[in-house]
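J.: Just passing along the structure, written as structure tokens.
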Amino acid sequence: MSSILVAFDGSPEAEKALKHSISIAESDDVIMVLMVLPEQDDLFFSSQTDEITIEEANELLKAKKKDLVGTGLKIDTKVIRGNIVDEIIKASNDPNCKLIIIGYKGVTKIGRFMLGSVSGEVAKRAKKPVLIVK
């Protein structure tokens, strides 16, 4: 069983990435939706000052998973706190992960993704194929 890792922050670009993962997944694939909440040191990535709690992030992903029930695919979700790029790379090192899908730009209070910085760094460092969705 293979998995597709989707980096998700709730932004429109992350929504597009998730939608694309559903469209290319094979019937036996698992879609792993990963939300990384940045550590305090990573807040310089954004001018946003709002914080989201792990509980709020889990609720968001729970609702997203419920929306995707009709796809027939297995959807797993995970929320962690840490360095965004490091945690995406760490999750992609799972031997079952065949692809990382990430939005080009996220600007919500959730992800703190900055134009190209996270997706570009993931693309540079990943050992798995990376699909950047615009």
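Quick note on naming: the chains in the structure tokens go A, B, ... in the order shown, residues restart at 1 in each chain, and ligands are numbered from 1 in order of appearance.
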Please provide the set of residues having any atom within 8 Å of stretch 91-95 of chain A, restricted to only C-alpha atoms, with same-chain residues fewer than 5 positions apart removed, written as a JSON list (two decimals) with C-alpha atoms, in the first residue's frame.
T.:
[["chain", "number", "residue", "atom", "x", "y", "z"],
["A", 5, "LEU", "CA", 1.69, 12.89, 1.55],
["A", 100, "ILE", "CA", 4.68, 14.62, -1.69],
["A", 126, "ALA", "CA", 13.06, 15.55, -0.38],
["A", 127, "LYS", "CA", 14.19, 12.14, -1.48],
["A", 128, "LYS", "CA", 10.72, 11.45, -2.92]]
J.: Write down as a PyMOL selection string the residues belonging to chain A that are assigned helix (DSSP H, G or I) by DSSP computed on the backbone.
T.: chain A and resi 12-24+40-45+54-67+69-71+84-92+117-125
J.: Those selected residues, please, written with C-alpha atoms and delivered as a JSON list (two decimals), in the first residue's frame.
T.:
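What landed in out37.json:
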[["chain", "number", "residue", "atom", "x", "y", "z"],
["A", 12, "PRO", "CA", -6.57, 27.78, -1.07],
["A", 13, "GLU", "CA", -3.32, 26.38, -2.49],
["A", 14, "ALA", "CA", -3.31, 23.57, 0.06],
["A", 15, "GLU", "CA", -6.94, 22.83, -0.81],
["A", 16, "LYS", "CA", -5.90, 22.56, -4.48],
["A", 17, "ALA", "CA", -3.05, 20.23, -3.52],
["A", 18, "LEU", "CA", -5.42, 18.01, -1.58],
["A", 19, "LYS", "CA", -7.92, 17.97, -4.42],
["A", 20, "HIS", "CA", -5.17, 17.05, -6.86],
["A", 21, "SER", "CA", -4.01, 14.21, -4.63],
["A", 22, "ILE", "CA", -7.52, 12.74, -4.75],
["A", 23, "SER", "CA", -7.61, 13.00, -8.53],
["A", 24, "ILE", "CA", -4.33, 11.13, -9.07],
["A", 40, "GLN", "CA", 7.49, 29.86, 17.89],
["A", 41, "ASP", "CA", 10.90, 30.34, 16.21],
["A", 42, "ASP", "CA", 9.30, 29.79, 12.79],
["A", 43, "LEU", "CA", 6.83, 32.65, 13.15],
["A", 44, "PHE", "CA", 9.15, 34.92, 11.18],
["A", 45, "PHE", "CA", 7.78, 33.16, 8.07],
["A", 54, "ILE", "CA", -3.38, 21.44, 17.92],
["A", 55, "GLU", "CA", -7.00, 20.78, 18.89],
["A", 56, "GLU", "CA", -8.29, 23.34, 16.36],
["A", 57, "ALA", "CA", -6.05, 21.88, 13.66],
["A", 58, "ASN", "CA", -7.28, 18.36, 14.44],
["A", 59, "GLU", "CA", -10.89, 19.56, 14.18],
["A", 60, "LEU", "CA", -10.15, 21.16, 10.82],
["A", 61, "LEU", "CA", -8.62, 17.95, 9.49],
["A", 62, "LYS", "CA", -11.43, 15.87, 10.95],
["A", 63, "ALA", "CA", -13.93, 17.97, 8.98],
["A", 64, "LYS", "CA", -11.75, 17.75, 5.86],
["A", 65, "LYS", "CA", -11.59, 13.95, 6.22],
["A", 66, "LYS", "CA", -15.38, 13.81, 6.56],
["A", 67, "ASP", "CA", -15.71, 15.83, 3.32],
["A", 69, "VAL", "CA", -15.44, 10.12, 2.62],
["A", 70, "GLY", "CA", -17.14, 9.80, -0.78],
["A", 71, "THR", "CA", -13.81, 9.42, -2.60],
["A", 84, "ILE", "CA", 7.46, 22.88, 8.75],
["A", 85, "VAL", "CA", 10.03, 21.73, 6.20],
["A", 86, "ASP", "CA", 11.77, 19.30, 8.55],
["A", 87, "GLU", "CA", 8.51, 17.64, 9.55],
["A", 88, "ILE", "CA", 7.29, 17.28, 5.95],
["A", 89, "ILE", "CA", 10.63, 15.70, 5.00],
["A", 90, "LYS", "CA", 10.54, 13.43, 8.05],
["A", 91, "ALA", "CA", 7.01, 12.25, 7.21],
["A", 92, "SER", "CA", 7.98, 11.64, 3.58],
["A", 117, "SER", "CA", 9.92, 29.11, 0.68],
["A", 118, "VAL", "CA", 8.44, 25.93, 2.11],
["A", 119, "SER", "CA", 7.57, 24.24, -1.18],
["A", 120, "GLY", "CA", 10.94, 25.13, -2.66],
["A", 121, "GLU", "CA", 12.86, 23.86, 0.33],
["A", 122, "VAL", "CA", 10.84, 20.64, 0.42],
["A", 123, "ALA", "CA", 11.54, 20.13, -3.29],
["A", 124, "LYS", "CA", 15.27, 20.63, -2.70],
["A", 125, "ARG", "CA", 15.56, 18.33, 0.28]]
J.: Excluding A:Leu73 and any residue of its chain fewer than 6 positions from it, enumerate the residues within 7 Å of it, using only C-alpha atoms, and give them as a PyMOL selection string.
T.: chain A and resi 27+29-30
J.: Restricting the calculation to only C-alpha atoms: of A:Glu39, A:Leu99, A:Ile132, A:Ile75, which residue gets closest to A:Ile4?
T.: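 Checking each candidate against A:Ile4, we get A:Leu99 as the closest.
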J.: Near A:Val36, counting only C-alpha atoms, which residues have an atom at most 6 Å away, once you skip same-chain residues fewer than 5 positions from it, shown as a list in words?
T.: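 Contacts, with the query itself left out: Val79, Ile80, Arg81 and Ile84 of chain A.
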J.: Those residues with C-alpha atoms, as an mmCIF file, in the first residue's frame please?
T.:
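And here is the file that came out, part.cif:
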data_model
loop_
_atom_site.group_PDB
_atom_site.id
_atom_site.type_symbol
_atom_site.label_atom_id
_atom_site.label_comp_id
_atom_site.auth_asym_id
_atom_site.auth_seq_id
_atom_site.Cartn_x
_atom_site.Cartn_y
_atom_site.Cartn_z
ATOM 1 C CA VAL A 79 -1.125 17.321 13.143
ATOM 2 C CA ILE A 80 2.288 17.969 14.600
ATOM 3 C CA ARG A 81 4.237 20.937 15.858
ATOM 4 C CA ILE A 84 7.461 22.884 8.745
#
J.: Distance atom CA of A:Tyr104-atom CA of A:Pro38, one decimal place?
T.: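 According to the coordinates, atom CA of A:Tyr104 and atom CA of A:Pro38 are separated by 17.4 Å.
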J.: In terms of the shortest atom-to-atom distance over only C-alpha atoms, which of A:Ile102, A:Met32, A:Leu131, A:Leu68 is closest to A:Ser2?
T.: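 The answer is A:Met32, which sits nearest to A:Ser2.
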J.: From a DSSP calculation on the backbone, collect every residue of chain A in strand (DSSP E) and output the set as an NGL selection string.
T.: :A and (3-7 or 30-38 or 74-82 or 97-103 or 130-133)
